[in-house]
file target21.txt (compact mmCIF, C-alpha atoms)
# COMPACT_ATOMS: atom_id res chain seq x y z
CA MET A 1 102.38 73.41 106.04
CA THR A 2 100.62 74.24 102.79
CA ASP A 3 102.35 72.66 99.79
CA ASN A 4 105.60 72.05 101.71
CA VAL A 5 106.93 75.57 101.22
CA MET A 6 108.90 75.42 104.46
CA GLN A 7 110.42 72.07 103.47
CA ARG A 8 111.69 73.49 100.19
CA ILE A 9 113.19 76.46 102.01
CA GLU A 10 114.96 74.18 104.48
CA GLU A 11 116.41 72.21 101.56
CA ARG A 12 117.83 75.48 100.19
CA ALA A 13 118.62 77.13 103.54
CA GLU A 14 122.39 76.94 103.28
CA GLU A 15 122.45 78.50 99.82
CA LEU A 16 119.90 81.19 100.72
CA ALA A 17 122.03 82.21 103.70
CA SER A 18 125.25 82.18 101.69
CA LEU A 19 123.78 84.63 99.16
CA GLY A 20 123.19 87.32 101.78
CA PRO A 21 126.52 89.15 101.27
CA GLU A 22 126.04 89.10 97.49
CA ASN A 23 122.54 90.56 97.82
CA GLU A 24 123.95 93.36 99.95
CA GLN A 25 126.80 94.06 97.54
CA LEU A 26 124.46 94.17 94.54
CA GLY A 27 122.01 96.48 96.28
CA ARG A 28 119.20 94.15 95.23
CA LEU A 29 118.31 90.50 95.51
CA SER A 30 120.60 88.41 93.32
CA ASP A 31 118.99 86.57 90.43
CA ARG A 32 119.77 83.29 92.15
CA SER A 33 118.10 84.39 95.39
CA ALA A 34 115.02 85.46 93.43
CA ASP A 35 114.94 82.11 91.62
CA LEU A 36 115.11 80.24 94.92
CA LEU A 37 112.20 82.27 96.29
CA ARG A 38 110.11 81.52 93.21
CA GLU A 39 110.93 77.82 93.40
CA SER A 40 109.98 77.69 97.09
CA GLY A 41 106.43 78.86 96.41
CA VAL A 42 106.42 81.46 99.19
CA MET A 43 105.17 84.21 96.88
CA ARG A 44 102.10 82.13 96.05
CA MET A 45 101.10 81.39 99.63
CA LEU A 46 98.49 84.18 99.75
CA GLN A 47 97.72 84.09 96.02
CA PRO A 48 94.18 83.17 94.87
CA ALA A 49 93.81 79.50 93.97
CA ALA A 50 92.31 80.42 90.59
CA PHE A 51 95.76 81.67 89.59
CA GLY A 52 97.91 78.94 91.08
CA GLY A 53 97.94 80.20 94.66
CA GLN A 54 97.59 78.36 97.96
CA GLU A 55 95.25 80.70 99.88
CA CYS A 56 97.02 79.60 103.06
CA HIS A 57 96.54 80.69 106.67
CA PRO A 58 98.42 83.99 107.15
CA ALA A 59 100.27 82.60 110.16
CA GLU A 60 101.88 79.96 107.91
CA TRP A 61 103.10 82.66 105.56
CA ALA A 62 104.42 84.66 108.53
CA GLU A 63 106.40 81.68 109.82
CA VAL A 64 107.95 81.09 106.40
CA THR A 65 108.87 84.77 106.19
CA MET A 66 110.51 84.56 109.62
CA ARG A 67 112.54 81.56 108.54
CA LEU A 68 113.74 83.26 105.36
CA ALA A 69 114.71 86.37 107.33
CA GLN A 70 116.71 84.22 109.74
CA LEU A 71 118.79 83.16 106.74
CA ASP A 72 119.05 86.59 105.11
CA GLY A 73 117.26 89.77 106.10
CA SER A 74 116.69 91.08 102.58
CA THR A 75 115.32 87.77 101.34
CA GLY A 76 112.91 87.58 104.26
CA TRP A 77 111.90 91.20 103.75
CA LEU A 78 110.86 90.52 100.16
CA SER A 79 108.89 87.49 101.29
CA GLY A 80 106.97 89.77 103.62
CA ILE A 81 106.59 92.77 101.30
CA VAL A 82 106.24 91.28 97.82
CA GLY A 83 104.50 88.21 99.24
CA VAL A 84 101.57 90.23 100.61
CA HIS A 85 100.52 91.73 97.27
CA PRO A 86 98.92 88.53 95.92
CA TRP A 87 96.59 88.75 98.93
CA GLU A 88 95.33 92.16 97.80
CA MET A 89 95.03 90.91 94.22
CA ALA A 90 92.10 88.78 95.40
CA PHE A 91 90.08 92.01 95.64
CA VAL A 92 91.03 93.34 92.21
CA ASP A 93 88.88 93.05 89.12
CA GLU A 94 89.40 89.71 87.37
CA ARG A 95 90.54 91.53 84.23
CA ALA A 96 93.58 92.81 86.12
CA GLN A 97 94.25 89.39 87.62
CA LYS A 98 94.34 87.88 84.14
CA GLU A 99 96.59 90.65 82.85
CA ILE A 100 99.15 89.85 85.52
CA TRP A 101 98.91 86.10 86.01
CA GLY A 102 97.09 84.86 82.92
CA GLU A 103 100.28 83.53 81.34
CA ASP A 104 102.62 83.27 84.32
CA PRO A 105 101.38 82.78 87.91
CA ASP A 106 104.88 83.54 89.20
CA VAL A 107 104.85 87.22 88.20
CA TRP A 108 105.78 89.38 91.19
CA ILE A 109 104.02 92.57 92.22
CA GLY A 110 105.81 95.28 94.19
CA SER A 111 104.65 98.49 95.85
CA PRO A 112 104.87 101.10 97.78
CA TYR A 113 101.51 102.16 99.16
CA ALA A 114 102.47 105.68 100.25
CA PRO A 115 100.08 108.07 98.43
CA MET A 116 102.72 109.96 96.46
CA GLY A 117 100.73 110.25 93.23
CA VAL A 118 97.39 111.76 92.19
CA LEU A 119 94.67 110.15 90.06
CA LYS A 120 93.04 112.57 87.63
CA PRO A 121 89.72 111.20 86.26
CA VAL A 122 89.52 110.76 82.48
CA ASP A 123 87.32 108.65 80.23
CA GLY A 124 87.56 105.00 81.27
CA GLY A 125 89.93 105.58 84.16
CA TYR A 126 92.56 108.00 85.35
CA GLN A 127 95.66 109.90 84.33
CA PHE A 128 98.38 109.19 86.85
CA SER A 129 101.73 110.74 87.82
CA GLY A 130 103.98 110.69 90.87
CA HIS A 131 107.31 109.79 92.48
CA TRP A 132 107.63 107.06 95.10
CA GLN A 133 110.45 105.79 97.29
CA PHE A 134 111.04 102.34 98.81
CA SER A 135 109.83 99.94 96.11
CA SER A 136 111.25 96.75 97.61
CA GLY A 137 112.30 94.05 95.17
CA THR A 138 111.31 96.21 92.24
CA ASP A 139 114.03 94.84 89.92
CA HIS A 140 112.30 91.46 90.05
CA CYS A 141 108.71 92.75 89.74
CA GLN A 142 106.70 93.28 86.56
CA TRP A 143 103.81 95.15 88.19
CA LEU A 144 103.39 97.51 91.13
CA PHE A 145 100.73 98.60 93.57
CA LEU A 146 101.26 102.35 93.98
CA GLY A 147 99.56 104.50 96.57
CA ALA A 148 97.59 107.47 95.27
CA LEU A 149 95.20 110.24 96.22
CA LEU A 150 91.99 110.62 94.26
CA GLY A 151 91.95 113.97 92.49
CA ASP A 152 89.42 116.13 90.68
CA GLU A 153 89.27 116.95 86.97
CA ASN A 154 92.22 119.31 87.45
CA GLY A 155 94.37 116.72 89.20
CA VAL A 156 93.99 118.38 92.61
CA PRO A 157 93.59 115.92 95.53
CA ILE A 158 90.07 115.76 96.94
CA PHE A 159 89.62 116.28 100.68
CA ASP A 160 85.97 115.59 101.48
CA PRO A 161 86.57 115.77 104.41
CA ALA A 162 89.50 113.34 104.34
CA PRO A 163 91.64 112.33 101.35
CA LYS A 164 90.56 109.30 99.35
CA LEU A 165 93.40 106.76 99.36
CA VAL A 166 93.67 104.46 96.36
CA HIS A 167 95.96 101.57 95.43
CA VAL A 168 96.81 101.58 91.73
CA LEU A 169 98.06 98.64 89.65
CA ILE A 170 100.56 99.60 86.99
CA PRO A 171 102.72 97.50 84.60
CA ARG A 172 106.49 97.77 84.24
CA SER A 173 106.11 99.51 80.87
CA ASP A 174 104.40 102.51 82.51
CA TYR A 175 106.94 103.41 85.20
CA THR A 176 110.64 104.10 85.54
CA ILE A 177 112.95 102.60 88.17
CA VAL A 178 115.48 105.14 89.41
CA ASP A 179 118.83 103.39 89.60
CA ASP A 180 121.25 104.28 92.41
CA SER A 181 118.35 105.47 94.58
CA TRP A 182 118.82 102.84 97.31
CA ASN A 183 121.90 103.83 99.30
CA VAL A 184 121.11 102.88 102.88
CA VAL A 185 122.57 101.38 106.04
CA GLY A 186 120.54 98.17 106.13
CA LEU A 187 118.35 95.84 104.05
CA LYS A 188 120.55 96.79 101.12
CA GLY A 189 119.69 93.60 99.28
CA THR A 190 116.02 94.54 99.02
CA GLY A 191 116.77 97.00 96.20
CA SER A 192 114.00 99.30 97.43
CA LYS A 193 114.48 101.87 94.70
CA ASP A 194 112.52 104.95 93.65
CA ILE A 195 109.71 104.78 91.08
CA VAL A 196 108.57 107.56 88.73
CA VAL A 197 105.30 107.63 86.77
CA LYS A 198 104.43 110.38 84.28
CA ASP A 199 100.99 110.72 82.71
CA ALA A 200 100.21 107.01 82.63
CA PHE A 201 96.67 105.87 81.85
CA ILE A 202 95.12 103.67 84.53
CA PRO A 203 91.89 101.81 83.65
CA ASP A 204 89.40 102.08 86.48
CA TYR A 205 89.41 98.30 86.98
CA ARG A 206 93.06 98.50 88.07
CA THR A 207 92.28 100.50 91.23
CA VAL A 208 91.39 99.48 94.78
CA PHE A 209 90.06 102.04 97.26
CA TYR A 210 91.70 101.73 100.65
CA ASP A 211 88.44 102.29 102.55
CA ALA A 212 87.08 99.11 100.98
CA LEU A 213 90.10 97.17 102.24
CA ALA A 214 89.78 98.65 105.72
CA ASP A 215 86.04 98.16 106.22
CA GLY A 216 85.77 94.74 104.59
CA SER A 217 83.54 95.72 101.69
CA ALA A 218 86.24 94.67 99.22
CA TRP A 219 85.95 90.98 100.04
CA ARG A 220 82.17 91.19 100.22
CA ASP A 221 81.99 92.78 96.78
CA ARG A 222 84.12 89.96 95.37
CA GLY A 223 82.18 87.26 97.25
CA LEU A 224 85.30 85.81 98.88
CA THR A 225 84.71 83.05 101.43
CA ASN A 226 88.22 82.14 102.60
CA PRO A 227 88.83 83.81 106.01
CA THR A 228 92.34 84.77 104.82
CA TYR A 229 90.76 87.34 102.51
CA GLN A 230 88.24 88.53 105.10
CA MET A 231 90.97 89.81 107.40
CA PRO A 232 91.56 93.57 107.72
CA PHE A 233 94.34 95.06 105.60
CA SER A 234 95.89 96.43 108.82
CA ALA A 235 96.27 92.87 110.11
CA ILE A 236 97.88 91.50 106.95
CA PHE A 237 100.25 94.11 105.52
CA PRO A 238 102.09 94.84 108.81
CA LEU A 239 102.29 91.09 109.42
CA GLY A 240 104.74 90.63 106.55
CA ILE A 241 106.98 93.44 107.75
CA THR A 242 107.07 92.45 111.40
CA SER A 243 107.54 88.76 110.54
CA ALA A 244 110.65 89.74 108.60
CA ILE A 245 111.94 91.90 111.44
CA ILE A 246 111.43 89.16 114.01
CA GLY A 247 113.11 86.64 111.72
CA ILE A 248 116.07 89.00 111.27
CA CYS A 249 116.34 89.30 115.05
CA GLU A 250 116.23 85.51 115.39
CA GLY A 251 119.01 85.31 112.82
CA ALA A 252 121.06 87.85 114.75
CA LEU A 253 120.59 85.83 117.92
CA ALA A 254 121.71 82.64 116.17
CA HIS A 255 124.89 84.30 114.88
CA HIS A 256 125.54 85.81 118.29
CA LEU A 257 125.21 82.41 120.00
CA ALA A 258 127.50 80.73 117.48
CA TYR A 259 130.12 83.43 118.10
CA GLN A 260 129.84 83.48 121.88
CA LYS A 261 130.08 79.71 122.19
CA THR A 262 133.85 79.74 121.88
CA ARG A 263 134.65 83.42 122.48
CA VAL A 264 137.25 84.35 125.07
CA GLN A 265 137.15 87.83 126.62
CA ILE A 266 140.21 90.07 126.81
CA THR A 267 140.56 89.07 130.46
CA GLY A 268 141.07 85.46 129.37
CA ARG A 269 137.68 84.44 130.72
CA LYS A 270 135.39 82.36 128.49
CA VAL A 271 132.14 84.14 127.76
CA LYS A 272 130.16 81.06 128.67
CA ASP A 273 131.42 81.52 132.22
CA ASP A 274 130.30 85.15 132.42
CA PRO A 275 126.90 85.15 134.21
CA TYR A 276 126.13 88.73 133.17
CA VAL A 277 126.49 88.05 129.45
CA MET A 278 124.62 84.75 129.78
CA ASN A 279 121.77 86.53 131.56
CA ALA A 280 121.59 89.16 128.81
CA ILE A 281 121.47 86.45 126.16
CA ALA A 282 118.65 84.63 127.92
CA GLU A 283 116.63 87.83 128.39
CA ALA A 284 117.10 88.82 124.76
CA ALA A 285 116.07 85.36 123.55
CA ALA A 286 112.93 85.54 125.69
CA GLU A 287 112.02 88.96 124.29
CA ILE A 288 112.47 87.85 120.69
CA HIS A 289 110.43 84.73 121.36
CA ALA A 290 107.70 86.83 123.00
CA SER A 291 107.58 88.99 119.88
CA ARG A 292 107.08 85.93 117.70
CA VAL A 293 104.35 84.50 119.93
CA THR A 294 102.50 87.81 120.20
CA LEU A 295 102.50 88.35 116.45
CA LEU A 296 101.38 84.84 115.53
CA ASP A 297 98.77 84.76 118.27
CA GLY A 298 97.33 88.07 117.10
CA VAL A 299 96.93 87.07 113.46
CA SER A 300 95.53 83.67 114.42
CA ARG A 301 92.92 85.24 116.69
CA VAL A 302 91.78 87.58 113.93
CA TYR A 303 91.66 84.69 111.45
CA ASP A 304 89.53 82.64 113.84
CA GLY A 305 87.30 85.64 114.48
CA VAL A 306 86.53 86.39 110.85
CA ALA A 307 86.02 82.66 110.20
CA GLN A 308 83.21 82.85 112.77
CA GLY A 309 81.71 85.94 111.17
CA LYS A 310 83.21 88.56 113.45
CA GLU A 311 83.81 92.04 112.05
CA TYR A 312 86.74 94.05 113.40
CA GLU A 313 85.99 97.70 114.02
CA PHE A 314 88.62 100.42 114.24
CA GLY A 315 89.19 100.07 117.99
CA GLU A 316 90.02 96.38 117.80
CA ARG A 317 92.18 96.90 114.75
CA SER A 318 94.12 99.59 116.62
CA LEU A 319 94.87 97.16 119.45
CA GLY A 320 96.18 94.62 116.95
CA ARG A 321 98.42 97.26 115.38
CA ARG A 322 99.65 98.28 118.83
CA ASN A 323 100.77 94.72 119.52
CA GLN A 324 102.36 94.41 116.09
CA VAL A 325 104.40 97.60 116.54
CA ALA A 326 105.40 96.56 120.05
CA SER A 327 106.60 93.19 118.73
CA SER A 328 108.90 94.88 116.23
CA TRP A 329 110.40 97.23 118.80
CA ARG A 330 110.76 94.54 121.47
CA ALA A 331 112.69 92.23 119.17
CA VAL A 332 115.07 94.92 117.87
CA ARG A 333 115.79 96.23 121.37
CA ALA A 334 116.68 92.68 122.38
CA VAL A 335 119.16 92.48 119.51
CA ASP A 336 120.74 95.73 120.69
CA GLU A 337 121.35 94.11 124.08
CA ILE A 338 123.25 91.15 122.65
CA VAL A 339 125.15 93.20 120.05
CA ALA A 340 126.41 95.44 122.86
CA ARG A 341 127.91 92.30 124.42
CA SER A 342 129.40 90.81 121.28
CA GLY A 343 132.76 92.55 121.42
CA GLY A 344 134.43 94.50 118.64
CA ASN A 345 134.91 91.51 116.37
CA GLY A 346 131.17 91.08 116.11
CA MET A 347 131.05 94.43 114.32
CA ARG A 348 133.61 93.58 111.66
CA MET A 349 132.12 93.80 108.18
CA ASP A 350 132.91 90.15 107.47
CA HIS A 351 130.85 89.04 110.48
CA PRO A 352 127.17 88.36 109.71
CA LEU A 353 125.97 89.69 113.07
CA GLN A 354 126.52 93.32 112.10
CA ARG A 355 124.53 92.85 108.87
CA PHE A 356 121.55 91.41 110.74
CA TRP A 357 121.79 94.23 113.28
CA ARG A 358 121.73 96.86 110.53
CA ASP A 359 118.89 95.10 108.73
CA ALA A 360 116.81 94.97 111.91
CA HIS A 361 117.13 98.70 112.48
CA MET A 362 116.35 99.49 108.87
CA GLY A 363 113.22 97.38 109.10
CA LEU A 364 112.16 99.12 112.28
CA ALA A 365 112.31 102.45 110.42
CA HIS A 366 109.43 101.44 108.13
CA ALA A 367 106.41 103.74 108.51
CA ILE A 368 104.26 100.83 109.66
CA ASN A 369 106.35 100.60 112.85
CA VAL A 370 106.06 104.24 113.98
CA PRO A 371 104.48 103.87 117.43
CA GLY A 372 103.14 107.36 118.16
CA LEU A 373 99.84 107.53 116.30
CA VAL A 374 99.18 103.81 116.63
CA ASN A 375 99.62 103.85 120.40
CA HIS A 376 97.64 107.07 120.71
CA ALA A 377 94.75 105.60 118.72
CA SER A 378 94.77 102.34 120.65
CA ALA A 379 94.82 104.16 123.99
CA LEU A 380 91.87 106.31 122.91
CA SER A 381 90.00 103.17 121.91
CA MET A 382 90.68 101.66 125.33
CA ILE A 383 88.94 104.61 127.00
CA ASP A 384 86.08 104.64 124.46
CA VAL A 385 87.15 107.82 122.68
CA GLU A 386 86.93 107.88 118.88
CA ALA A 387 90.29 108.48 117.21
CA PRO A 388 90.42 111.46 114.82
CA GLY A 389 90.80 111.00 111.07
CA HIS A 390 94.53 111.57 110.85
CA MET A 391 95.15 108.50 113.05
CA ARG A 392 93.12 106.12 110.91
CA PRO A 393 94.96 105.47 107.61
CA MET A 394 97.54 103.07 109.10
CA ILE A 395 94.87 101.20 111.09

call {"tool": "encode", "arguments": {"input": "target21.txt", "output": "structure tokens"}}
result
Amino acid sequence: MTDNVMQRIEERAEELASLGPENEQLGRLSDRSADLLRESGVMRMLQPAAFGGQECHPAEWAEVTMRLAQLDGSTGWLSGIVGVHPWEMAFVDERAQKEIWGEDPDVWIGSPYAPMGVLKPVDGGYQFSGHWQFSSGTDHCQWLFLGALLGDENGVPIFDPAPKLVHVLIPRSDYTIVDDSWNVVGLKGTGSKDIVVKDAFIPDYRTVFYDALADGSAWRDRGLTNPTYQMPFSAIFPLGITSAIIGICEGALAHHLAYQKTRVQITGRKVKDDPYVMNAIAEAAAEIHASRVTLLDGVSRVYDGVAQGKEYEFGERSLGRRNQVASSWRAVRAVDEIVARSGGNGMRMDHPLQRFWRDAHMGLAHAINVPGLVNHASALSMIDVEAPGHMRPMI
């Protein structure tokens, strides 16, 4: 694996896992957990080589994210969420790249991409305001990608005929983190707090138009030759999220197996002698494994395709998103099956299984995993019907 990232994680696996409860209690990743992630190199796996990155195969990054999530859900989630932003930085003007990484290639970039702000054109760029939720890992980030709508000279979003979605780069000095805004049931350690921006100036070189990411013109404009950067945004961003979810589910399964190995039921019967529970465990393990294989196969096929010059139109991208969403749901449903057979002690707050179970469900709630529009769009593509505009932004 590129630069032995996985090896460094394995060397720190016990400590990374032990920090999970502290991350949850803090409501953000502990400083030590963040340091271990930086030292591992995972956040540089998709980073451009010109700024100390590895430009690795996305499947390698996905496998590392899965492993981290097996150890602690919040740590794996930040690997998948924060770790994807260096990939998009490859498409950004070099002036912005130097602003962020010129002195320190380990600077982290957060998000969210939801278009909760409006860009008002002014000389040299835009005036920008808005309020965003779910900025994962934001306490450890110095920059953010924030989703926006392009507006007119009055700051009114333009619909011509569809809204223009833009990703905006903004430094820590230009936004406010809302403390105590992350009170949730799962993934507590991600510290996915609210962000507020008021009348910040954004130079035009710190913007990326989503259409350019979706249709591939972004990498062409930058002259990028590595297939990693020629992949559609809809194949890369969801990959980090679903990799974390699958890793969380694998972690839940591991804790379940460790618990069931010596568990005795109230009837006095050892669980290992209960064929019904053993069957449920085997089925759940197969479903989680199928989710992993489907996800890694999908991203590898796209990588190989773009390496051979293939361009992925909307219909094919929708099928990839369908499989990604299905992988998330399949894995979490499998965890529900084993949790239901773990007994009451598995749900005690000092048992790690319940934390992984909560983290898995919180991850599944991410907008990227909502199946309705994705499945509708993919089904339309399968019968050669063009999907309408409102189905396209997530694909």

call {"tool": "atom_distance", "arguments": {"input": "target21.txt", "atom1": "atom CA of A:Val332", "atom2": "atom CA of A:Ile246"}}
result
7.8 Å

call {"tool": "closest_residue", "arguments": {"input": "target21.txt", "among": "A:Arg348, A:Arg292, A:His131, A:Arg263", "to": "A:Val197", "atoms": "only C-alpha atoms"}}
result
A:His131

call {"tool": "atom_distance", "arguments": {"input": "target21.txt", "atom1": "atom CA of A:Thr138", "atom2": "atom CA of A:Arg355"}}
result
21.5 Å

call {"tool": "closest_residue", "arguments": {"input": "target21.txt", "among": "A:Leu119, A:Ala200, A:Met231, A:Ala244", "to": "A:Trp87", "atoms": "only C-alpha atoms"}}
result
A:Met231

call {"tool": "closest_residue", "arguments": {"input": "target21.txt", "among": "A:Leu296, A:Leu149, A:Trp143, A:Met382", "to": "A:Glu316", "atoms": "all atoms listed in the file"}}
result
A:Met382

call {"tool": "residues_around", "arguments": {"input": "target21.txt", "residues": "stretch 44-60 of chain A", "least_positions_apart": "4", "cutoff": "9 Å", "atoms": "all atoms listed in the file", "output": "short mmCIF file (atom, residue, chain, number, x, y, z; two decimals) with C-alpha atoms, in the coordinates of the input"}}
result
data_model
loop_
_atom_site.label_atom_id
_atom_site.label_comp_id
_atom_site.auth_asym_id
_atom_site.auth_seq_id
_atom_site.Cartn_x
_atom_site.Cartn_y
_atom_site.Cartn_z
CA MET A 1 102.38 73.41 106.04
CA THR A 2 100.62 74.24 102.79
CA ASP A 3 102.35 72.66 99.79
CA VAL A 5 106.93 75.57 101.22
CA ARG A 38 110.11 81.52 93.21
CA VAL A 64 107.95 81.09 106.40
CA THR A 65 108.87 84.77 106.19
CA GLY A 83 104.50 88.21 99.24
CA VAL A 84 101.57 90.23 100.61
CA HIS A 85 100.52 91.73 97.27
CA PRO A 86 98.92 88.53 95.92
CA TRP A 87 96.59 88.75 98.93
CA GLU A 88 95.33 92.16 97.80
CA MET A 89 95.03 90.91 94.22
CA ALA A 90 92.10 88.78 95.40
CA GLN A 97 94.25 89.39 87.62
CA LYS A 98 94.34 87.88 84.14
CA TRP A 101 98.91 86.10 86.01
CA GLY A 102 97.09 84.86 82.92
CA ASP A 104 102.62 83.27 84.32
CA PRO A 105 101.38 82.78 87.91
CA ASP A 106 104.88 83.54 89.20
CA ASN A 226 88.22 82.14 102.60
CA PRO A 227 88.83 83.81 106.01
CA THR A 228 92.34 84.77 104.82
CA TYR A 229 90.76 87.34 102.51
CA ILE A 236 97.88 91.50 106.95
CA LEU A 239 102.29 91.09 109.42
CA LEU A 295 102.50 88.35 116.45
CA LEU A 296 101.38 84.84 115.53
CA ASP A 297 98.77 84.76 118.27
CA VAL A 299 96.93 87.07 113.46
CA SER A 300 95.53 83.67 114.42
CA TYR A 303 91.66 84.69 111.45
#

call {"tool": "closest_residue", "arguments": {"input": "target21.txt", "among": "A:Leu373, A:Val122, A:Ala365, A:Val271", "to": "A:Phe201", "atoms": "all atoms listed in the file"}}
result
A:Val122

call {"tool": "axis_aligned_box", "arguments": {"input": "target21.txt", "around": "stretch 34-52 of chain A", "padding_each_side": "8 Å", "output": "JSON"}}
result
{"center_x": 103.7, "center_y": 81.6, "center_z": 94.7, "size_x": 38.8, "size_y": 23.8, "size_z": 26.2}

call {"tool": "closest_residue", "arguments": {"input": "target21.txt", "among": "A:Ile177, A:Leu165, A:Met362, A:Val208", "to": "A:Met394", "atoms": "all atoms listed in the file"}}
result
A:Leu165

call {"tool": "closest_residue", "arguments": {"input": "target21.txt", "among": "A:Gly41, A:Gly27, A:Gly315, A:Gly20", "to": "A:Met6", "atoms": "all atoms listed in the file"}}
result
A:Gly41

call {"tool": "residues_around", "arguments": {"input": "target21.txt", "residues": "A:Asn23", "least_positions_apart": "5", "cutoff": "12 Å", "atoms": "all atoms listed in the file", "output": "VMD selection string"}}
result
chain A and resid 16 to 18 28 to 34 72 to 76 78 137 186 to 191 355

call {"tool": "atom_distance", "arguments": {"input": "target21.txt", "atom1": "atom CA of A:Leu364", "atom2": "atom CA of A:Ile245"}}
result
7.3 Å

call {"tool": "residues_around", "arguments": {"input": "target21.txt", "residues": "A:Thr207", "least_positions_apart": "4", "cutoff": "12 Å", "atoms": "all atoms listed in the file", "output": "ChimeraX atom specification"}}
result
/A:88-89,91-97,119,124-126,128,144-150,165-170,201-203,212-213,218

call {"tool": "residues_around", "arguments": {"input": "target21.txt", "residues": "A:Gly372", "least_positions_apart": "5", "cutoff": "10 Å", "atoms": "only C-alpha atoms", "output": "ChimeraX atom specification"}}
result
/A:322,325,377,391

call {"tool": "write_last_selection", "arguments": {"input": "target21.txt", "atoms": "C-alpha atoms", "output": "tab-separated table (two decimals), in the coordinates of the input"}}
result
chain	number	residue	atom	x	y	z
A	322	ARG	CA	99.65	98.28	118.83
A	325	VAL	CA	104.40	97.60	116.54
A	377	ALA	CA	94.75	105.60	118.72
A	391	MET	CA	95.15	108.50	113.05

call {"tool": "decode", "arguments": {"input": "target21.txt", "residues": "stretch 362-382 of chain A", "atoms": "C-alpha atoms", "output": "CSV table (one decimal), in the first residue's frame"}}
result
chain,number,residue,atom,x,y,z
A,362,MET,CA,-25.9,8.0,12.3
A,363,GLY,CA,-23.7,7.4,9.3
A,364,LEU,CA,-26.6,5.9,7.3
A,365,ALA,CA,-28.5,9.1,8.0
A,366,HIS,CA,-26.1,11.2,5.8
A,367,ALA,CA,-27.8,12.7,2.8
A,368,ILE,CA,-25.5,10.8,0.4
A,369,ASN,CA,-27.2,7.5,1.6
A,370,VAL,CA,-30.9,8.6,0.9
A,371,PRO,CA,-32.0,5.9,-1.5
A,372,GLY,CA,-35.2,7.4,-3.1
A,373,LEU,CA,-33.9,9.8,-5.7
A,374,VAL,CA,-30.8,7.7,-6.4
A,375,ASN,CA,-32.7,4.5,-7.0
A,376,HIS,CA,-35.3,6.4,-9.0
A,377,ALA,CA,-32.6,7.9,-11.2
A,378,SER,CA,-30.8,4.7,-11.7
A,379,ALA,CA,-34.0,2.8,-12.6
A,380,LEU,CA,-34.9,5.5,-15.2
A,381,SER,CA,-31.4,5.1,-16.7
A,382,MET,CA,-31.9,1.4,-16.9
